[in-house]
>>> print(open('coords25.cif').read())   # mmCIF, C-alpha atoms
data_run
#
loop_
_atom_site.label_atom_id
_atom_site.label_comp_id
_atom_site.auth_asym_id
_atom_site.auth_seq_id
_atom_site.Cartn_x
_atom_site.Cartn_y
_atom_site.Cartn_z
CA MET A 197 46.58 -32.40 -31.54
CA GLY A 198 44.68 -35.15 -33.31
CA LYS A 199 43.36 -35.24 -36.83
CA LEU A 200 41.01 -32.50 -37.86
CA GLU A 201 37.63 -34.01 -38.50
CA LYS A 202 37.18 -35.24 -42.06
CA ARG A 203 34.18 -34.10 -44.02
CA GLN A 204 31.69 -36.79 -44.99
CA HIS A 205 30.70 -34.92 -48.16
CA LYS A 206 32.57 -33.78 -51.22
CA TYR A 207 34.22 -30.40 -50.90
CA SER A 208 32.45 -27.63 -52.78
CA PHE A 209 34.38 -25.08 -54.80
CA ALA A 210 33.72 -22.44 -52.11
CA GLU A 211 35.13 -24.74 -49.42
CA VAL A 212 38.26 -25.47 -51.44
CA VAL A 213 38.82 -21.75 -51.96
CA ALA A 214 38.21 -21.06 -48.27
CA TYR A 215 40.77 -23.65 -47.14
CA ILE A 216 43.32 -22.33 -49.63
CA VAL A 217 42.77 -18.81 -48.33
CA PHE A 218 43.07 -20.11 -44.76
CA ALA A 219 46.36 -21.84 -45.57
CA LEU A 220 47.68 -18.68 -47.18
CA SER A 221 46.59 -16.63 -44.15
CA VAL A 222 48.48 -18.98 -41.82
CA ILE A 223 51.58 -18.68 -44.02
CA ALA A 224 51.19 -14.90 -44.07
CA THR A 225 50.85 -14.85 -40.28
CA PHE A 226 54.02 -16.92 -40.02
CA ALA A 227 55.91 -14.52 -42.31
CA VAL A 228 54.65 -11.36 -40.60
CA SER A 229 55.35 -12.63 -37.10
CA TRP A 230 58.81 -13.89 -38.11
CA ARG A 231 59.66 -10.43 -39.41
CA LEU A 232 58.43 -8.73 -36.24
CA PHE A 233 60.23 -11.17 -33.95
CA TYR A 234 63.45 -10.68 -35.89
CA LEU A 235 63.13 -6.91 -35.52
CA GLN A 236 62.63 -7.41 -31.79
CA TYR A 237 65.70 -9.63 -31.66
CA SER A 238 68.04 -7.49 -33.75
CA GLN A 239 66.94 -3.92 -33.00
CA SER A 240 65.60 -3.99 -29.47
CA GLY A 241 66.42 -0.80 -27.58
CA GLU A 242 64.87 1.59 -25.14
CA GLY A 243 61.27 1.49 -26.33
CA GLN A 244 61.88 0.74 -30.03
CA PHE A 245 60.96 -2.87 -30.85
CA SER A 246 61.11 -3.52 -27.12
CA SER A 247 60.35 -7.07 -26.02
CA ASP A 248 61.28 -9.81 -23.58
CA LEU A 249 63.05 -11.69 -26.37
CA GLY A 250 66.55 -10.52 -25.57
CA SER A 251 66.43 -11.66 -21.94
CA HIS A 252 64.72 -14.94 -22.90
CA VAL A 253 67.37 -15.77 -25.49
CA THR A 254 70.19 -14.83 -23.14
CA SER A 255 68.86 -17.01 -20.33
CA ALA A 256 68.26 -19.85 -22.80
CA LEU A 257 71.78 -19.80 -24.21
CA ASN A 258 73.47 -19.52 -20.82
CA GLY A 259 71.36 -22.35 -19.40
CA THR A 260 69.40 -20.40 -16.79
CA GLY A 261 65.98 -20.34 -18.49
CA TYR A 262 63.08 -21.84 -16.53
CA SER A 263 60.79 -22.48 -19.51
CA LEU A 264 60.50 -25.11 -22.21
CA MET A 265 60.97 -22.20 -24.61
CA ALA A 266 64.59 -21.98 -23.48
CA LYS A 267 65.20 -25.55 -24.64
CA ILE A 268 63.48 -24.84 -27.95
CA PHE A 269 65.72 -21.81 -28.45
CA ARG A 270 68.81 -23.93 -27.76
CA VAL A 271 67.71 -26.60 -30.26
CA PHE A 272 67.12 -24.08 -33.05
CA TYR A 273 70.34 -22.26 -32.20
CA LYS A 274 72.29 -25.49 -32.59
CA ILE A 275 70.70 -26.00 -36.01
CA SER A 276 71.68 -22.48 -37.03
CA PRO A 277 73.32 -20.06 -34.55
CA THR A 278 71.53 -16.98 -35.86
CA GLY A 279 68.70 -14.71 -34.85
CA LEU A 280 66.75 -15.95 -37.87
CA SER A 281 66.58 -19.50 -36.50
CA LEU A 282 65.59 -18.32 -33.01
CA THR A 283 62.78 -16.15 -34.31
CA PHE A 284 61.74 -18.84 -36.80
CA SER A 285 60.78 -21.02 -33.82
CA MET A 286 58.53 -18.28 -32.43
CA ALA A 287 56.86 -17.66 -35.80
CA LEU A 288 56.25 -21.40 -36.20
CA ILE A 289 54.65 -21.56 -32.74
CA THR A 290 52.42 -18.62 -33.64
CA ALA A 291 51.26 -20.19 -36.91
CA LEU A 292 50.60 -23.58 -35.29
CA THR A 293 48.35 -21.89 -32.73
CA ALA A 294 45.87 -21.11 -35.51
CA LEU A 295 45.64 -24.84 -36.34
CA ALA A 296 45.22 -25.72 -32.68
CA ALA A 297 42.40 -23.19 -32.41
CA LEU A 298 40.76 -24.77 -35.46
CA TRP A 299 40.62 -28.13 -33.67
CA CYS A 300 39.35 -26.52 -30.47
CA MET A 301 36.48 -24.84 -32.30
CA GLN A 302 35.58 -28.11 -34.02
CA VAL A 303 35.28 -29.79 -30.61
CA VAL A 304 32.92 -27.04 -29.44
CA LEU A 305 30.81 -27.22 -32.59
CA ARG A 306 30.51 -31.01 -32.33
CA GLN A 307 29.32 -30.67 -28.75
CA MET A 308 26.67 -28.22 -29.93
CA GLY A 309 25.41 -30.87 -32.34
CA VAL A 310 26.60 -29.06 -35.47
CA LYS A 311 27.53 -31.54 -38.18
CA LYS A 312 28.22 -29.15 -41.05
CA TYR A 313 30.41 -26.34 -39.79
CA GLY A 314 30.71 -24.29 -42.95
CA VAL A 315 33.96 -22.42 -43.55
CA LEU A 316 33.66 -19.11 -41.72
CA TYR A 317 34.82 -20.47 -38.37
CA ILE A 318 38.20 -21.57 -39.73
CA PHE A 319 39.34 -17.95 -40.07
CA ALA A 320 38.68 -17.15 -36.40
CA GLY A 321 41.65 -19.22 -35.22
CA VAL A 322 44.19 -17.24 -37.20
CA SER A 323 42.48 -13.85 -36.91
CA ALA A 324 42.14 -14.18 -33.12
CA LEU A 325 45.95 -14.09 -32.93
CA PHE A 326 45.63 -10.40 -33.85
CA MET A 327 42.93 -9.73 -31.26
CA SER A 328 43.07 -6.44 -29.37
CA SER A 329 40.91 -4.31 -27.15
CA ILE A 330 38.69 -2.19 -29.39
CA TYR A 331 40.39 1.14 -29.99
CA VAL A 332 37.98 4.06 -29.44
CA PRO A 333 39.54 7.49 -30.20
CA GLN A 334 39.25 9.97 -27.31
CA TYR A 335 37.35 7.49 -25.13
CA TYR A 336 39.68 4.48 -25.06
CA PRO A 337 42.76 5.23 -27.20
CA TRP A 338 44.82 2.24 -26.03
CA TYR A 339 45.60 -1.20 -27.37
CA TYR A 340 47.62 -3.22 -24.88
CA ASN A 341 48.03 -1.04 -21.79
CA ASN A 342 45.75 -2.34 -18.98
CA SER A 343 43.81 -4.37 -21.55
CA PHE A 344 41.59 -7.40 -21.04
CA GLY A 345 42.52 -9.57 -23.96
CA THR A 346 44.96 -7.91 -26.37
CA GLN A 347 47.29 -10.64 -27.58
CA PRO A 348 50.98 -9.86 -27.00
CA TRP A 349 53.75 -10.30 -29.56
CA HIS A 350 56.73 -9.65 -27.30
CA ASN A 351 56.91 -12.65 -24.98
CA SER A 352 58.14 -16.02 -26.26
CA THR A 353 57.08 -18.08 -23.22
CA PHE A 354 53.54 -16.71 -23.54
CA LEU A 355 53.37 -17.71 -27.20
CA LEU A 356 54.36 -21.28 -26.36
CA MET A 357 51.92 -21.43 -23.43
CA ARG A 358 49.10 -20.20 -25.67
CA LEU A 359 49.77 -22.88 -28.29
CA VAL A 360 49.99 -25.85 -25.93
CA GLY A 361 47.20 -24.46 -23.76
CA THR A 362 44.88 -24.39 -26.78
CA LEU A 363 45.53 -28.10 -27.30
CA VAL A 364 44.90 -28.76 -23.59
CA VAL A 365 41.58 -26.89 -23.70
CA ALA A 366 40.46 -28.77 -26.82
CA LEU A 367 41.39 -32.17 -25.39
CA TYR A 368 39.83 -31.35 -22.02
CA LEU A 369 36.53 -30.37 -23.64
CA LYS A 370 36.59 -33.58 -25.68
CA MET A 371 37.32 -35.78 -22.64
CA GLU A 372 35.05 -33.94 -20.20
CA ALA A 373 31.97 -34.60 -22.30
CA ASN A 374 32.17 -38.36 -21.59
CA TYR A 375 34.69 -38.83 -18.76
CA LEU A 376 32.13 -40.14 -16.25
CA LYS A 377 31.55 -43.14 -18.51
CA LYS A 378 34.99 -43.74 -19.93
CA ILE A 379 38.42 -42.16 -20.20
CA GLU A 380 40.44 -43.43 -23.12
CA TRP A 381 44.02 -44.28 -22.16
CA LYS A 382 45.40 -42.55 -25.23
CA ASP A 383 43.49 -39.39 -24.32
CA ALA A 384 44.65 -39.55 -20.70
CA ILE A 385 48.30 -39.97 -21.70
CA ALA A 386 48.07 -37.16 -24.25
CA PHE A 387 46.35 -34.97 -21.63
CA ILE A 388 49.12 -35.54 -19.08
CA ILE A 389 51.85 -34.88 -21.65
CA LEU A 390 50.22 -31.67 -22.89
CA LEU A 391 49.58 -30.45 -19.34
CA THR A 392 53.22 -31.10 -18.44
CA LEU A 393 54.39 -29.22 -21.53
CA VAL A 394 52.12 -26.23 -20.90
CA ASN A 395 53.27 -26.12 -17.27
CA TYR A 396 56.85 -26.21 -18.49
CA ALA A 397 56.12 -23.38 -20.93
CA LYS A 398 54.65 -20.98 -18.36
CA PRO A 399 52.77 -21.68 -15.08
CA ASN A 400 49.99 -19.11 -15.63
CA PHE A 401 47.82 -21.53 -17.59
CA ILE A 402 47.54 -24.24 -14.96
CA ILE A 403 46.73 -21.87 -12.10
CA ALA A 404 43.62 -20.83 -14.04
CA PHE A 405 42.80 -24.17 -15.68
CA ALA A 406 43.11 -26.44 -12.62
CA PRO A 407 40.63 -24.46 -10.43
CA MET A 408 38.11 -24.40 -13.31
CA MET A 409 38.43 -28.15 -13.78
CA LEU A 410 38.10 -28.71 -10.03
CA ILE A 411 34.93 -26.61 -9.89
CA TYR A 412 33.31 -28.78 -12.57
CA LEU A 413 34.46 -32.00 -10.91
CA ILE A 414 32.89 -30.86 -7.64
CA ALA A 415 29.71 -29.85 -9.48
CA ASP A 416 29.51 -33.32 -11.09
CA PHE A 417 30.12 -34.95 -7.70
CA ILE A 418 27.25 -33.02 -6.13
CA LYS A 419 24.96 -33.51 -9.10
CA GLY A 420 25.61 -37.25 -9.20
CA ARG A 421 25.63 -37.60 -5.39
CA GLY A 422 29.04 -39.23 -5.49
CA LYS A 423 28.33 -41.49 -8.44
CA GLY A 424 31.33 -41.70 -10.74
CA THR A 425 33.82 -40.66 -8.05
CA VAL A 426 36.44 -43.09 -9.37
CA GLN A 427 36.26 -41.48 -12.82
CA MET A 428 36.54 -38.04 -11.26
CA ILE A 429 39.68 -39.11 -9.39
CA LYS A 430 41.17 -40.53 -12.59
CA PHE A 431 40.46 -37.31 -14.46
CA GLY A 432 41.88 -35.17 -11.67
CA MET A 433 44.99 -37.33 -11.37
CA CYS A 434 45.92 -36.35 -14.92
CA VAL A 435 46.41 -32.80 -13.68
CA ILE A 436 48.27 -33.85 -10.54
CA ALA A 437 50.61 -36.01 -12.62
CA SER A 438 51.69 -32.92 -14.57
CA LEU A 439 52.51 -30.67 -11.62
CA TRP A 440 56.00 -31.97 -10.83
CA ILE A 441 57.58 -29.57 -13.30
CA LEU A 442 56.21 -26.63 -11.32
CA LEU A 443 58.26 -27.65 -8.29
CA ILE A 444 61.42 -27.34 -10.35
CA GLN A 445 60.33 -23.96 -11.72
CA GLN A 446 59.51 -22.72 -8.23
CA LYS A 447 63.06 -23.40 -7.09
CA LEU A 448 64.42 -21.51 -10.10
CA LEU A 449 62.07 -18.52 -9.84
CA TYR A 450 61.76 -18.29 -6.06
CA PRO A 451 64.92 -19.78 -4.53
CA SER A 452 64.97 -20.07 -0.75
CA ASP A 453 67.97 -17.76 -0.57
CA GLY A 454 66.47 -15.20 -2.98
CA ASP A 455 64.39 -12.06 -2.49
CA SER A 456 61.51 -12.92 -4.86
CA GLY A 457 58.23 -14.35 -3.61
CA ILE A 458 54.43 -14.17 -3.94
CA GLY A 459 52.21 -11.79 -1.99
CA PHE A 460 48.57 -10.72 -1.64
CA THR A 461 47.45 -7.18 -2.44
CA LEU A 462 44.31 -5.02 -2.50
CA GLU A 463 45.97 -2.19 -4.39
CA ASN A 464 44.87 -3.45 -7.81
CA ILE A 465 41.20 -3.84 -6.91
CA LYS A 466 41.18 -0.35 -5.38
CA ALA A 467 42.76 1.05 -8.54
CA PHE A 468 40.21 -0.77 -10.72
CA PHE A 469 37.19 0.74 -8.99
CA SER A 470 38.76 4.17 -8.61
CA THR A 471 38.34 5.03 -12.29
CA LYS A 472 35.46 4.79 -14.73
CA LEU A 473 37.91 3.78 -17.46
CA SER A 474 38.15 0.32 -15.89
CA LEU A 475 34.63 -0.54 -17.03
CA VAL A 476 35.33 0.96 -20.45
CA SER A 477 38.47 -1.16 -20.63
CA LEU A 478 36.46 -4.27 -19.74
CA ALA A 479 33.81 -3.49 -22.37
CA CYS A 480 36.35 -2.72 -25.10
CA GLY A 481 38.47 -5.75 -24.24
CA LEU A 482 35.67 -8.32 -24.03
CA ALA A 483 32.92 -6.87 -26.23
CA PHE A 484 32.65 -9.96 -28.44
CA PRO A 485 32.48 -12.71 -25.77
CA LEU A 486 30.11 -10.50 -23.73
CA PHE A 487 27.83 -10.18 -26.77
CA VAL A 488 27.85 -13.93 -27.43
CA SER A 489 27.24 -14.71 -23.75
CA LEU A 490 24.29 -12.32 -23.70
CA LEU A 491 22.81 -14.21 -26.66
CA VAL A 492 23.30 -17.51 -24.83
CA LEU A 493 21.42 -16.13 -21.83
CA ILE A 494 18.60 -14.66 -23.91
CA LYS A 495 18.15 -17.84 -25.94
CA LYS A 496 18.46 -19.97 -22.78
CA ILE A 497 21.16 -22.11 -24.35
CA ARG A 498 23.45 -24.25 -22.20
CA PHE A 499 26.74 -22.40 -21.70
CA GLY A 500 28.82 -25.59 -22.04
CA ALA A 501 32.37 -24.86 -23.15
CA LEU A 502 31.77 -21.11 -23.04
CA GLY A 503 30.92 -21.29 -19.34
CA LYS A 504 34.17 -23.15 -18.67
CA MET A 505 36.17 -20.48 -20.47
CA TRP A 506 34.46 -17.72 -18.48
CA ILE A 507 35.36 -19.45 -15.22
CA MET A 508 38.96 -19.82 -16.38
CA PHE A 509 39.06 -16.16 -17.24
CA ALA A 510 37.46 -15.15 -13.92
CA VAL A 511 40.01 -17.23 -11.96
CA SER A 512 42.87 -15.72 -13.94
CA MET A 513 41.52 -12.20 -13.33
CA ALA A 514 41.29 -12.87 -9.60
CA GLN A 515 44.94 -13.91 -9.64
CA ARG A 516 45.87 -10.84 -11.69
CA ILE A 517 44.10 -8.52 -9.24
CA PHE A 518 44.92 -10.03 -5.86
CA PHE A 519 48.38 -11.58 -6.28
CA ILE A 520 51.73 -9.95 -6.93
CA GLU A 521 55.33 -11.01 -6.97
CA THR A 522 57.56 -9.49 -4.33
CA GLY A 523 61.20 -8.52 -4.51
CA PRO A 524 63.03 -7.86 -7.80
CA ARG A 525 60.16 -9.38 -9.87
CA ARG A 526 57.46 -7.12 -8.36
CA GLY A 527 57.10 -4.86 -11.39
CA HIS A 528 57.12 -7.62 -14.01
CA GLY A 529 53.33 -8.17 -13.94
CA ASN A 530 53.68 -11.92 -14.37
CA PHE A 531 50.28 -12.69 -12.83
CA GLY A 532 48.69 -10.91 -15.78
CA TRP A 533 49.63 -13.50 -18.40
CA GLY A 534 46.86 -15.88 -17.33
CA SER A 535 44.03 -13.45 -18.07
CA ILE A 536 45.48 -12.66 -21.49
CA VAL A 537 45.78 -16.29 -22.56
CA CYS A 538 42.35 -17.15 -21.12
CA ALA A 539 40.90 -14.25 -23.12
CA TYR A 540 42.19 -15.93 -26.29
CA TYR A 541 40.38 -19.16 -25.39
CA LEU A 542 37.30 -17.16 -24.49
CA PHE A 543 37.30 -15.52 -27.92
CA ILE A 544 37.74 -18.67 -30.02
CA VAL A 545 35.15 -20.61 -28.00
CA SER A 546 32.77 -17.63 -28.22
CA PHE A 547 33.22 -17.59 -31.99
CA ALA A 548 32.49 -21.32 -32.24
CA THR A 549 29.44 -20.81 -30.00
CA LEU A 550 28.17 -18.00 -32.23
CA VAL A 551 28.58 -20.19 -35.33
CA GLY A 552 26.88 -23.08 -33.50
CA MET A 553 23.88 -20.93 -32.54
CA TYR A 554 23.54 -19.75 -36.13
CA LYS A 555 23.85 -23.26 -37.56
CA ASN A 556 21.26 -24.50 -35.06
CA LYS A 557 18.96 -21.63 -36.09
CA LYS A 558 18.92 -20.13 -32.61
CA ILE A 559 19.82 -16.72 -34.02
CA GLY A 560 19.11 -15.03 -37.33
CA LYS A 561 21.41 -13.64 -40.01
CA LEU A 562 21.28 -10.08 -38.68
CA THR A 563 22.29 -11.10 -35.15
CA PHE A 564 25.01 -13.35 -36.53
CA ALA A 565 26.33 -10.54 -38.73
CA LEU A 566 26.35 -8.17 -35.75
CA GLY A 567 28.43 -10.67 -33.77
CA ILE A 568 30.90 -11.01 -36.65
CA ALA A 569 31.13 -7.22 -36.91
CA ILE A 570 32.02 -6.89 -33.22
CA PHE A 571 34.62 -9.63 -33.59
CA LEU A 572 36.13 -7.83 -36.59
CA LEU A 573 36.39 -4.61 -34.57
CA HIS A 574 38.69 -6.46 -32.17
CA ILE A 575 40.74 -7.78 -35.09
CA ALA A 576 40.93 -4.42 -36.86
CA SER A 577 42.22 -2.79 -33.67
CA GLY A 578 44.73 -5.61 -33.34
CA LEU A 579 46.02 -5.02 -36.85
CA PHE A 580 46.51 -1.33 -36.09
CA TYR A 581 48.33 -2.36 -32.90
CA LEU A 582 50.57 -4.66 -34.95
CA LYS A 583 51.36 -1.80 -37.33
CA ARG A 584 52.37 0.35 -34.37
CA LEU A 585 54.74 -2.41 -33.28
CA PHE A 586 56.26 -2.54 -36.77
CA ASP A 587 56.71 1.22 -36.54
CA GLY A 588 58.92 0.53 -33.54
CA ASP A 589 56.49 1.72 -30.85
CA PHE A 590 56.78 0.39 -27.33
CA TYR A 591 54.34 -2.52 -26.91
CA MET A 592 52.75 -1.01 -23.78
CA ILE A 593 50.43 1.37 -25.68
#
>>> encode(input="coords25.cif", output="structure tokens")
Amino acid sequence: MGKLEKRQHKYSFAEVVAYIVFALSVIATFAVSWRLFYLQYSQSGEGQFSSDLGSHVTSALNGTGYSLMAKIFRVFYKISPTGLSLTFSMALITALTALAALWCMQVVLRQMGVKKYGVLYIFAGVSALFMSSIYVPQYYPWYYNNSFGTQPWHNSTFLLMRLVGTLVVALYLKMEANYLKKIEWKDAIAFIILLTLVNYAKPNFIIAFAPMMLIYLIADFIKGRGKGTVQMIKFGMCVIASLWILLIQQKLLYPSDGDSGIGFTLENIKAFFSTKLSLVSLACGLAFPLFVSLLVLIKKIRFGALGKMWIMFAVSMAQRIFFIETGPRRGHGNFGWGSIVCAYYLFIVSFATLVGMYKNKKIGKLTFALGIAIFLLHIASGLFYLKRLFDGDFYMI
């Protein structure tokens, strides 16, 4: 994912302590997630510790898995044919996501002209892994069910997609800032490789990312009146070069002689507007990025990376609402994964944006503290959700 930017000044005692605490928090996240994944692997039943892990491992070991995660499972199983090795791989992926998020936030802060980041932002990458819709007793007493952002712990292919997708988002933001002038070959190659890997992990990322990228390419084309078209084509070709893996996955998931397919529906949008709880769900699920975006509007700050993440999320929500799988896969809800992973990117970029506004003195301490408090409400709810999972509760709560 590239080297994390090196400080140009000597580390203060507070910074050293902060990085030690961050490292310990990543290790703790690894240990906690490994324990949970092992419980899901070894004790999964009707409801208790329920997850997709059993079916994913089975398909991986019998050679029918469609995802890169299946190959990872097979590699770790060859090293040690136990549930501990299989779940170790998932815990490692989860912990590495925090480091990927750290790089992504650094890219955003650099683009906002912030040279000294401080240390607070480094904890957002690991804490966002525990993000949940804000639990409000009596009014919105749910965590994951019908949520707009609660991070799942039960799906291995999602976890891999989230990790690689975070690297893709970070590299895209880095390249997009200067692509009309120059695209470094090393960046282009890394971009293609990461896009191919994230497509191989799970296709939900690309069907939200590619439309967002296309929208901005078209906007640049119109703004520049066609100037830089060659660079736009080069940038777009990186995405096209990564799509071949989706053709293979399509044949596996939707074989010509099978009953599964993709359809269009209006049932979800009707259900959304038929209850007032939908708006409550939206507010509880996205309170923090909504707060940060409101600040950006009030302060008349350029949306930048945050705007891109909102478009990704909007595209993923449109897919979640209007598209369904038909046949045996109809009830699996697989078009919902995109909105959940895009919510994660929306949160970490929103956090970096909040830190950037504070560092640039666009907002005061009280406003900054209010933003942190809202963020922590999401994390606190997520920790309670995690406890419920450790208690053996069904994840759809």
>>> closest_residue(input="coords25.cif", among="A:Ser343, A:Ser546, A:Ser352, A:Gln302", to="Leu369 in chain A", atoms="only C-alpha atoms")
A:Gln302
>>> residues_around(input="coords25.cif", residues="Ala479 in chain A", least_positions_apart="3", cutoff="12 Å", atoms="all atoms listed in the file", output="list in words")
Ser328, Ser329, Ile330, Tyr331, Val332, Tyr335, Tyr336, Ser343, Phe344, Gly345, Lys472, Leu473, Ser474, Leu475, Val476, Leu482, Ala483, Phe484, Pro485, Leu486, Phe487, Ile570 and His574 of chain A
>>> closest_residue(input="coords25.cif", among="A:Lys496, A:Lys312, A:Arg270, A:His252", to="Val551 in chain A", atoms="only C-alpha atoms")
A:Lys312
>>> atom_distance(input="coords25.cif", atom1="CA of Val365 in chain A", atom2="CA of Cys300 in chain A")
7.1 Å
>>> atom_distance(input="coords25.cif", atom1="CA of Phe590 in chain A", atom2="CA of Ile575 in chain A")
19.6 Å
>>> resolve_selection(input="coords25.cif", expression="the PyMOL selection byres ((chain A and resi 313) around 8)", output="list in words")
Gln302, Leu305, Val310, Lys311, Lys312, Gly314, Val315, Tyr317, Val551, Gly552 and Lys555 of chain A
>>> atom_distance(input="coords25.cif", atom1="CA of Val322 in chain A", atom2="CA of Ile517 in chain A")
29.3 Å
>>> resolve_selection(input="coords25.cif", expression="the PyMOL selection byres ((chain A and resi 409) around 12)", output="NGL selection string")
:A and (364-365 or 368-369 or 371-372 or 402-408 or 410-416 or 428-429 or 431-436 or 501 or 503-505 or 507-508 or 511)
>>> residues_around(input="coords25.cif", residues="Tyr234 in chain A", least_positions_apart="4", cutoff="8 Å", atoms="all atoms listed in the file", output="number ranges by chain")
A: 230, 238, 279-280, 283
>>> resolve_selection(input="coords25.cif", expression="the PyMOL selection byres ((chain A and resi 376-378) around 6)", output="ChimeraX atom specification")
/A:374-375,379,424,427
